[in-house]
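Dropping run-v6.txt in here (compact mmCIF, C-alpha atoms):
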# COMPACT_ATOMS: atom_id res chain seq x y z
CA MET A 24 10.03 -15.15 5.62
CA ASN A 25 8.53 -15.47 2.13
CA ASP A 26 10.08 -13.52 -0.69
CA THR A 27 7.10 -13.68 -3.03
CA ARG A 28 3.39 -13.31 -2.63
CA PRO A 29 1.60 -16.64 -2.25
CA ALA A 30 -0.06 -17.80 -5.48
CA GLY A 31 -3.72 -17.97 -4.45
CA PRO A 32 -5.82 -16.26 -1.80
CA PRO A 33 -5.54 -17.93 1.63
CA ARG A 34 -8.12 -20.57 2.51
CA ALA A 35 -10.47 -20.19 5.47
CA GLY A 36 -8.45 -22.69 7.51
CA GLU A 37 -5.26 -20.73 7.00
CA LEU A 38 -7.01 -17.46 7.89
CA PHE A 39 -8.15 -19.11 11.12
CA LEU A 40 -4.65 -20.35 11.98
CA ARG A 41 -2.82 -17.12 11.16
CA PHE A 42 -5.29 -14.98 13.08
CA THR A 43 -5.01 -17.39 16.01
CA GLN A 44 -1.26 -16.72 16.01
CA VAL A 45 -1.90 -12.99 15.84
CA GLY A 46 -4.39 -13.18 18.72
CA VAL A 47 -2.19 -15.14 21.11
CA SER A 48 0.92 -13.04 20.35
CA GLY A 49 -0.87 -9.75 20.91
CA PHE A 50 0.12 -8.68 24.40
CA GLY A 51 -0.69 -4.99 24.90
CA GLY A 52 -1.87 -4.34 21.35
CA VAL A 53 -2.76 -6.80 18.61
CA MET A 54 -2.60 -4.53 15.54
CA PRO A 55 1.23 -4.57 15.23
CA TRP A 56 1.07 -8.38 15.09
CA ALA A 57 -1.69 -8.28 12.48
CA ARG A 58 0.40 -5.94 10.34
CA ARG A 59 3.48 -8.12 10.76
CA MET A 60 1.55 -11.22 9.71
CA LEU A 61 -0.40 -9.64 6.83
CA VAL A 62 2.29 -7.38 5.34
CA GLU A 63 5.68 -8.76 6.33
CA GLU A 64 5.24 -12.52 6.81
CA ARG A 65 2.38 -13.73 4.58
CA ARG A 66 2.36 -10.72 2.21
CA TRP A 67 -1.39 -11.02 1.80
CA LEU A 68 -1.58 -7.20 1.78
CA SER A 69 0.89 -4.54 0.67
CA ALA A 70 1.82 -1.83 3.19
CA GLU A 71 -0.58 0.58 1.48
CA GLU A 72 -3.41 -1.96 1.30
CA PHE A 73 -3.01 -2.55 5.02
CA SER A 74 -3.24 1.18 5.77
CA GLU A 75 -6.29 1.50 3.50
CA ALA A 76 -8.05 -1.41 5.20
CA LEU A 77 -7.21 0.02 8.61
CA SER A 78 -8.73 3.40 7.63
CA LEU A 79 -11.99 1.65 6.84
CA CYS A 80 -11.85 -0.35 10.08
CA GLN A 81 -11.30 2.80 12.13
CA LEU A 82 -14.26 4.59 10.59
CA LEU A 83 -16.58 1.67 11.30
CA PRO A 84 -17.77 1.05 14.86
CA GLY A 85 -16.37 -1.86 16.87
CA PRO A 86 -12.85 -2.84 17.90
CA ASN A 87 -10.42 -2.02 15.07
CA ILE A 88 -8.62 -5.36 15.24
CA VAL A 89 -11.90 -7.32 15.11
CA ASN A 90 -12.97 -5.26 12.09
CA MET A 91 -9.57 -5.91 10.49
CA ALA A 92 -10.01 -9.68 10.82
CA VAL A 93 -13.50 -9.47 9.28
CA CYS A 94 -12.29 -7.15 6.52
CA VAL A 95 -9.32 -9.37 5.54
CA GLY A 96 -11.40 -12.55 5.79
CA THR A 97 -14.12 -11.04 3.57
CA ARG A 98 -11.58 -9.87 1.03
CA PHE A 99 -10.12 -13.35 0.49
CA ARG A 100 -12.94 -15.79 1.27
CA GLY A 101 -16.20 -13.89 1.73
CA ALA A 102 -18.43 -14.67 4.71
CA ARG A 103 -16.62 -17.94 5.45
CA GLY A 104 -13.28 -16.17 5.52
CA ALA A 105 -14.62 -13.39 7.73
CA PHE A 106 -15.98 -15.92 10.21
CA ALA A 107 -12.76 -17.98 10.16
CA ALA A 108 -10.51 -14.95 10.75
CA LEU A 109 -12.78 -13.60 13.51
CA MET A 110 -12.93 -16.96 15.29
CA GLY A 111 -9.17 -17.34 14.95
CA LEU A 112 -8.58 -13.94 16.48
CA MET A 113 -10.99 -14.43 19.39
CA CYS A 114 -11.18 -18.10 20.41
CA ALA A 115 -7.76 -18.84 21.89
CA PRO A 116 -7.48 -15.43 23.68
CA PHE A 117 -11.03 -15.97 25.03
CA VAL A 118 -9.96 -19.25 26.64
CA ILE A 119 -6.73 -17.71 27.94
CA VAL A 120 -8.38 -14.66 29.49
CA LEU A 121 -11.01 -16.77 31.28
CA THR A 122 -8.29 -19.12 32.56
CA LEU A 123 -6.36 -16.13 33.89
CA GLY A 124 -9.59 -14.83 35.42
CA ALA A 125 -10.15 -18.13 37.23
CA LEU A 126 -6.52 -18.24 38.45
CA PHE A 127 -6.81 -14.66 39.60
CA THR A 128 -9.95 -15.42 41.64
CA HIS A 129 -8.22 -18.37 43.33
CA TYR A 130 -4.82 -16.89 43.98
CA GLY A 131 -5.69 -13.22 44.28
CA ASP A 132 -3.15 -10.58 43.35
CA LEU A 133 -0.09 -12.15 41.78
CA PRO A 134 2.69 -9.59 42.25
CA ALA A 135 5.12 -11.50 40.02
CA ILE A 136 2.66 -11.40 37.10
CA ALA A 137 2.01 -7.70 37.66
CA ALA A 138 5.76 -6.99 37.68
CA ALA A 139 6.41 -9.00 34.52
CA PHE A 140 3.47 -7.30 32.86
CA ARG A 141 4.94 -3.85 33.53
CA GLY A 142 7.96 -4.83 31.45
CA ILE A 143 5.87 -6.51 28.75
CA SER A 144 3.65 -3.42 28.41
CA ALA A 145 6.69 -1.19 27.99
CA ALA A 146 7.99 -3.40 25.17
CA ALA A 147 4.50 -3.73 23.63
CA ALA A 148 4.21 0.06 23.53
CA GLY A 149 7.42 0.04 21.48
CA LEU A 150 5.75 -2.31 18.96
CA VAL A 151 2.86 0.14 18.51
CA VAL A 152 5.27 3.06 18.10
CA ALA A 153 7.27 1.12 15.50
CA MET A 154 4.09 0.24 13.59
CA GLY A 155 3.08 3.91 13.49
CA LEU A 156 6.51 4.89 12.16
CA LYS A 157 6.42 2.15 9.49
CA MET A 158 3.00 3.35 8.37
CA ALA A 159 4.31 6.92 8.25
CA ALA A 160 6.66 5.81 5.45
CA SER A 161 3.58 5.76 3.17
CA PRO A 162 4.06 7.61 -0.14
CA ARG A 163 0.74 9.31 0.63
CA LEU A 164 2.53 11.24 3.37
CA ARG A 165 5.16 12.63 1.03
CA SER A 166 2.73 15.42 0.09
CA PRO A 167 0.90 18.29 1.76
CA MET A 168 -1.56 15.61 2.94
CA ALA A 169 0.97 14.90 5.72
CA ALA A 170 -0.59 17.92 7.45
CA PHE A 171 -3.66 15.76 8.17
CA ALA A 172 -1.51 13.09 9.81
CA LEU A 173 0.05 15.79 11.97
CA ALA A 174 -3.40 17.19 12.80
CA ALA A 175 -4.58 13.72 13.88
CA PHE A 176 -1.53 13.26 16.10
CA VAL A 177 -1.88 16.67 17.72
CA GLY A 178 -5.68 16.46 18.07
CA ILE A 179 -5.78 13.00 19.62
CA ALA A 180 -2.42 12.61 21.42
CA LEU A 181 -1.83 16.15 22.67
CA VAL A 182 -5.21 17.92 22.78
CA ARG A 183 -7.00 14.62 23.63
CA LEU A 184 -10.10 15.30 21.53
CA PRO A 185 -12.68 12.49 21.54
CA LEU A 186 -12.02 10.37 18.44
CA GLY A 187 -15.60 10.52 17.14
CA VAL A 188 -15.70 14.31 17.30
CA PHE A 189 -12.28 14.63 15.69
CA LEU A 190 -13.16 12.28 12.81
CA LEU A 191 -16.47 14.05 12.19
CA VAL A 192 -14.51 17.17 11.30
CA ALA A 193 -11.18 15.83 10.06
CA ALA A 194 -12.37 13.01 7.78
CA PRO A 195 -14.48 15.24 5.47
CA ALA A 196 -11.73 17.88 5.48
CA SER A 197 -9.01 15.38 4.61
CA VAL A 198 -11.08 13.70 1.87
CA ALA A 199 -11.92 17.14 0.44
CA GLY A 200 -8.18 17.89 0.44
CA ALA A 201 -7.50 14.65 -1.44
CA ALA A 202 -10.28 15.41 -3.95
CA TRP A 203 -8.92 18.90 -4.55
CA ARG A 204 -5.42 17.54 -5.12
CA SER A 205 -6.61 14.93 -7.61
CA ARG A 206 -8.50 17.42 -9.82
CA MET B 6 -29.73 -15.71 35.27
CA SER B 7 -31.38 -15.67 31.85
CA GLY B 8 -32.45 -12.10 32.63
CA ALA B 9 -28.82 -11.17 33.16
CA LEU B 10 -27.85 -12.95 29.93
CA ALA B 11 -30.44 -11.02 27.95
CA GLN B 12 -29.31 -7.78 29.59
CA LEU B 13 -25.67 -8.53 28.69
CA ALA B 14 -26.66 -9.27 25.10
CA VAL B 15 -28.62 -6.02 24.73
CA ASP B 16 -26.13 -3.76 26.51
CA PHE B 17 -23.03 -5.05 24.77
CA SER B 18 -24.50 -5.17 21.28
CA LEU B 19 -25.46 -1.51 21.66
CA LEU B 20 -21.93 -0.70 22.85
CA SER B 21 -20.56 -2.55 19.81
CA LEU B 22 -22.26 -0.09 17.47
CA PHE B 23 -21.13 2.97 19.42
CA ALA B 24 -17.50 1.93 19.79
CA VAL B 25 -15.93 4.08 17.09
CA GLY B 26 -12.21 3.87 17.81
CA GLY B 27 -12.33 0.73 19.90
CA VAL B 28 -13.10 -0.42 23.39
CA ILE B 29 -11.33 2.47 25.13
CA THR B 30 -13.91 4.92 23.83
CA VAL B 31 -16.84 3.00 25.36
CA LEU B 32 -15.11 2.13 28.63
CA PRO B 33 -16.87 4.90 30.60
CA GLU B 34 -20.25 3.78 29.23
CA MET B 35 -19.43 0.14 30.02
CA HIS B 36 -18.50 1.14 33.56
CA ARG B 37 -21.77 3.04 33.96
CA SER B 38 -23.85 0.10 32.77
CA VAL B 39 -22.01 -2.64 34.68
CA VAL B 40 -21.25 -0.85 37.96
CA GLU B 41 -23.82 1.92 38.33
CA VAL B 42 -26.95 0.77 36.49
CA HIS B 43 -26.91 -2.99 37.11
CA GLY B 44 -24.63 -3.16 40.15
CA TRP B 45 -23.02 -6.36 38.82
CA MET B 46 -19.70 -5.51 40.47
CA SER B 47 -17.83 -2.75 42.29
CA GLY B 48 -15.73 -0.15 40.52
CA ALA B 49 -12.58 -1.79 41.92
CA GLU B 50 -13.59 -5.19 40.51
CA PHE B 51 -14.28 -3.57 37.14
CA ALA B 52 -10.80 -2.01 37.14
CA GLN B 53 -9.27 -5.39 38.08
CA LEU B 54 -11.01 -7.14 35.20
CA PHE B 55 -9.80 -4.46 32.81
CA ALA B 56 -6.22 -4.87 34.04
CA LEU B 57 -6.53 -8.65 33.65
CA ALA B 58 -7.78 -8.31 30.06
CA GLN B 59 -4.86 -5.99 29.31
CA ALA B 60 -2.37 -8.50 30.75
CA SER B 61 -3.83 -11.28 28.65
CA PRO B 62 -2.93 -11.72 24.96
CA GLY B 63 -5.57 -10.82 22.39
CA PRO B 64 -7.92 -7.92 21.71
CA ASN B 65 -8.58 -5.61 24.70
CA ILE B 66 -12.28 -6.09 24.03
CA LEU B 67 -11.92 -9.40 25.91
CA VAL B 68 -12.65 -7.39 29.06
CA VAL B 69 -16.30 -7.99 28.15
CA SER B 70 -15.71 -11.77 28.31
CA LEU B 71 -14.52 -11.36 31.89
CA ILE B 72 -17.47 -9.13 32.75
CA GLY B 73 -19.90 -11.65 31.26
CA TRP B 74 -18.15 -14.46 33.14
CA LYS B 75 -18.41 -12.58 36.43
CA VAL B 76 -22.12 -11.90 35.85
CA ALA B 77 -23.31 -15.25 34.48
CA GLY B 78 -20.45 -17.75 34.23
CA LEU B 79 -19.26 -19.30 30.98
CA ALA B 80 -22.57 -18.64 29.21
CA GLY B 81 -22.32 -14.99 30.25
CA ALA B 82 -18.78 -14.79 28.86
CA ALA B 83 -19.85 -16.29 25.54
CA VAL B 84 -22.97 -14.10 25.24
CA ALA B 85 -21.15 -10.87 26.14
CA THR B 86 -18.30 -11.58 23.71
CA ALA B 87 -20.63 -12.51 20.86
CA ALA B 88 -22.81 -9.46 21.56
CA VAL B 89 -19.90 -7.04 21.44
CA CYS B 90 -18.47 -8.56 18.23
CA ALA B 91 -21.51 -9.47 16.14
CA PRO B 92 -23.20 -6.17 15.24
CA SER B 93 -20.01 -4.31 14.29
CA SER B 94 -18.63 -7.39 12.48
CA ILE B 95 -21.80 -7.77 10.38
CA LEU B 96 -21.59 -4.09 9.48
CA THR B 97 -17.89 -4.42 8.60
CA TYR B 98 -18.64 -7.49 6.49
CA ALA B 99 -21.34 -5.63 4.54
CA VAL B 100 -19.22 -2.52 4.04
CA SER B 101 -16.16 -4.59 3.04
CA GLN B 102 -18.16 -6.28 0.30
CA ILE B 103 -19.34 -2.95 -1.10
CA TRP B 104 -15.80 -1.61 -0.77
CA GLN B 105 -14.43 -4.60 -2.74
CA ARG B 106 -16.91 -3.98 -5.53
CA PHE B 107 -15.56 -0.48 -6.06
CA ARG B 108 -11.90 -1.43 -6.17
CA GLY B 109 -10.31 0.81 -8.76
CA ALA B 110 -13.11 3.37 -8.60
CA ARG B 111 -11.89 6.96 -8.57
CA TRP B 112 -14.00 8.00 -5.58
CA ARG B 113 -12.67 5.11 -3.53
CA LYS B 114 -9.09 6.12 -4.25
CA THR B 115 -9.87 9.72 -3.29
CA LEU B 116 -11.47 8.55 -0.03
CA GLU B 117 -8.41 6.43 0.76
CA ASP B 118 -6.00 9.21 -0.16
CA GLY B 119 -7.84 11.37 2.35
CA LEU B 120 -8.26 8.80 5.11
CA VAL B 121 -4.85 7.10 5.15
CA PRO B 122 -2.98 10.19 6.43
CA LEU B 123 -5.48 10.43 9.31
CA THR B 124 -5.04 6.74 10.07
CA VAL B 125 -1.27 7.13 10.19
CA GLY B 126 -1.63 10.10 12.55
CA LEU B 127 -4.02 8.11 14.74
CA MET B 128 -1.60 5.18 14.95
CA LEU B 129 1.25 7.50 15.94
CA ALA B 130 -1.04 9.08 18.54
CA GLY B 131 -1.92 5.58 19.77
CA GLY B 132 1.77 4.76 20.17
CA TYR B 133 2.34 7.97 22.11
CA LEU B 134 -0.65 7.48 24.43
CA ILE B 135 0.04 3.81 25.08
CA THR B 136 3.65 4.68 25.94
CA LEU B 137 2.50 7.28 28.46
CA ALA B 138 0.03 4.80 29.97
CA ALA B 139 2.49 1.89 30.15
CA ASP B 140 5.72 3.57 31.20
CA HIS B 141 6.14 4.77 34.78
CA SER B 142 9.93 4.76 35.05
CA ALA B 143 12.89 5.98 33.04
CA LEU B 144 13.91 2.38 32.32
CA ALA B 145 10.42 1.61 31.01
CA PHE B 146 10.80 4.45 28.46
CA ILE B 147 14.18 3.01 27.47
CA VAL B 148 12.59 -0.44 26.98
CA THR B 149 9.87 1.11 24.77
CA ALA B 150 12.37 3.08 22.70
CA ALA B 151 14.76 0.13 22.38
CA THR B 152 11.93 -2.19 21.31
CA ALA B 153 10.75 0.26 18.65
CA GLY B 154 14.35 0.72 17.46
CA VAL B 155 15.05 -3.01 17.24
CA VAL B 156 11.77 -3.68 15.37
CA LEU B 157 12.53 -0.94 12.85
CA THR B 158 16.13 -1.94 12.18
CA THR B 159 16.35 -5.74 12.59
CA ARG B 160 14.35 -8.88 11.84
CA ILE B 161 14.38 -10.17 15.40
CA HIS B 162 11.01 -11.72 16.26
CA PRO B 163 9.09 -9.27 18.50
CA LEU B 164 8.12 -12.01 21.00
CA TRP B 165 11.78 -12.03 22.15
CA LEU B 166 11.47 -8.33 22.89
CA LEU B 167 8.28 -8.86 24.91
CA ALA B 168 10.03 -11.68 26.78
CA ALA B 169 13.01 -9.44 27.50
CA GLY B 170 10.62 -6.74 28.75
CA GLY B 171 8.86 -9.30 30.95
CA LEU B 172 12.20 -10.44 32.41
CA LEU B 173 13.25 -6.88 33.20
CA GLY B 174 9.85 -6.41 34.86
CA LEU B 175 10.25 -9.59 36.94
CA THR B 176 13.64 -8.47 38.21
CA GLY B 177 11.98 -5.28 39.36
CA TRP B 178 13.88 -2.90 37.10
CA VAL B 179 10.98 -1.52 35.09
Written as structure tokens, how would this file's structure read?
Amino acid sequence: MNDTRPAGPPRAGELFLRFTQVGVSGFGGVMPWARRMLVEERRWLSAEEFSEALSLCQLLPGPNIVNMAVCVGTRFRGARGAFAALMGLMCAPFVIVLTLGALFTHYGDLPAIAAAFRGISAAAAGLVVAMGLKMAASPRLRSPMAAFALAAFVGIALVRLPLGVFLLVAAPASVAGAAWRSR
Amino acid sequence: MSGALAQLAVDFSLLSLFAVGGVITVLPEMHRSVVEVHGWMSGAEFAQLFALAQASPGPNILVVSLIGWKVAGLAGAAVATAAVCAPSSILTYAVSQIWQRFRGARWRKTLEDGLVPLTVGLMLAGGYLITLAADHSALAFIVTAATAGVVLTTRIHPLWLLAAGGLLGLTGWV
């Protein structure tokens, strides 16, 4: 693991390679792997920068992880970087999923794979939980603004509101709260 | 065949722009289009493809690659995947550039101060929901909790934890 930030911004080729690694590691949730790569291994983003980028990616339509690749690629290498990161994220998993699809058609239900996958999903869920807890260490949550994090958890996890509806109300409220606090 | 390709391109690029919060939020709409409107496959086949995409590494959105493949072979897979990624990615690219330009701007900081707490709450909610969906036994909950604990307290590479989970699954314990 690196102890310092790399000197220059990553090149398109490196974005492609690192996002390929993220894509093929991401069983049952890719975002924890993206955070690990970006924040902990390569240190291309600080923990707060990652959370900020993810906020933007969640507000925009499309899969969050795909948006994250585009967002990070754009930040470091513009359109070329965005394309490289996106292709890295998608290409290898695309080939793998189609190969699995072909195997599945030929061999039908593979009970061993299903059984192994039950265990993998349980562990993968733990990765998502751990990522959420790491993000909750944000200094932004050591303030009354933490109430909005709690509201999001209750609204989505417990009440099961549709995300779009929730954000339509909560995002303006939370931003207004932040604006009021920064007066 | 080319009719089906065009249909895939149109349907999935529209879904791309409506998928706020990811593929899960448009799954019902995808099901309606693929199973009910076009009759490309049965509901059971759709569910199988979704399970397959979940079992495979990479973004869950790859379920559309499988759907495209089922409908129109490799070309269908490529068209469906490109269609679901392109519109939202172009939008994200454009917004990211504007966002970059205002780095350091006061309004951007205020926006982020407001949005980050929501994002953290959403990620915690995601962890909770995915745990409920994935874990059907007491041991599965223990695996989830142990994995989270190990990731938070050690530097062990998470792939070892997934492998351990897979092994426990294979032996029929989870």
Quiz item: So which one's closest to B:Thr115, A:Val198, A:Ala137, A:Met158, A:Val89? Using all atoms listed in the file, please.
Solution: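 Of all the options, A:Val198 lies closest to B:Thr115.
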Self-check item: Neighbour list for B:Trp104 as a PyMOL selection string, cut-off 12 Å, all atoms listed in the file, skip fewer than 5 positions in-chain
Solution: (chain A and resi 75-76+79-80+94-95+97-98) or (chain B and resi 97-99+109-110+112-114+116-117)
Quiz prompt | Given all atoms listed in the file as the counted atoms, nearest of A:Ile143, A:Leu123, A:Leu82, A:Met113 to A:Val188 | solution =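 Of A:Ile143, A:Leu123, A:Leu82, A:Met113, the one nearest A:Val188, counting all atoms listed in the file, is A:Leu82.
Residue nearest chain A, chosen from B:Ile72, B:Val15, B:Val25, B:Leu96 and counting all atoms listed in the file: B:Val25.
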Quiz item: What is the distance, in Å and to one decimal place, between atom CA of B:Leu164 and atom CA of A:Val53?
Solution: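 Between these atoms lies a distance of 12.3 Å.
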Neighbourhood query: residues within 7 Å of (-16.4, -6.6, 17.5), file coordinates, counting all atoms listed in the file; return as a short mmCIF file (atom, residue, chain, number, x, y, z; two decimals) with C-alpha atoms, keeping the file's coordinate frame.
data_model
loop_
_atom_site.label_atom_id
_atom_site.label_comp_id
_atom_site.auth_asym_id
_atom_site.auth_seq_id
_atom_site.Cartn_x
_atom_site.Cartn_y
_atom_site.Cartn_z
CA GLY A 85 -16.37 -1.86 16.87
CA PRO A 86 -12.85 -2.84 17.90
CA VAL A 89 -11.90 -7.32 15.11
CA ASN A 90 -12.97 -5.26 12.09
CA SER B 21 -20.56 -2.55 19.81
CA VAL B 89 -19.90 -7.04 21.44
CA CYS B 90 -18.47 -8.56 18.23
CA ALA B 91 -21.51 -9.47 16.14
CA SER B 93 -20.01 -4.31 14.29
CA SER B 94 -18.63 -7.39 12.48
#
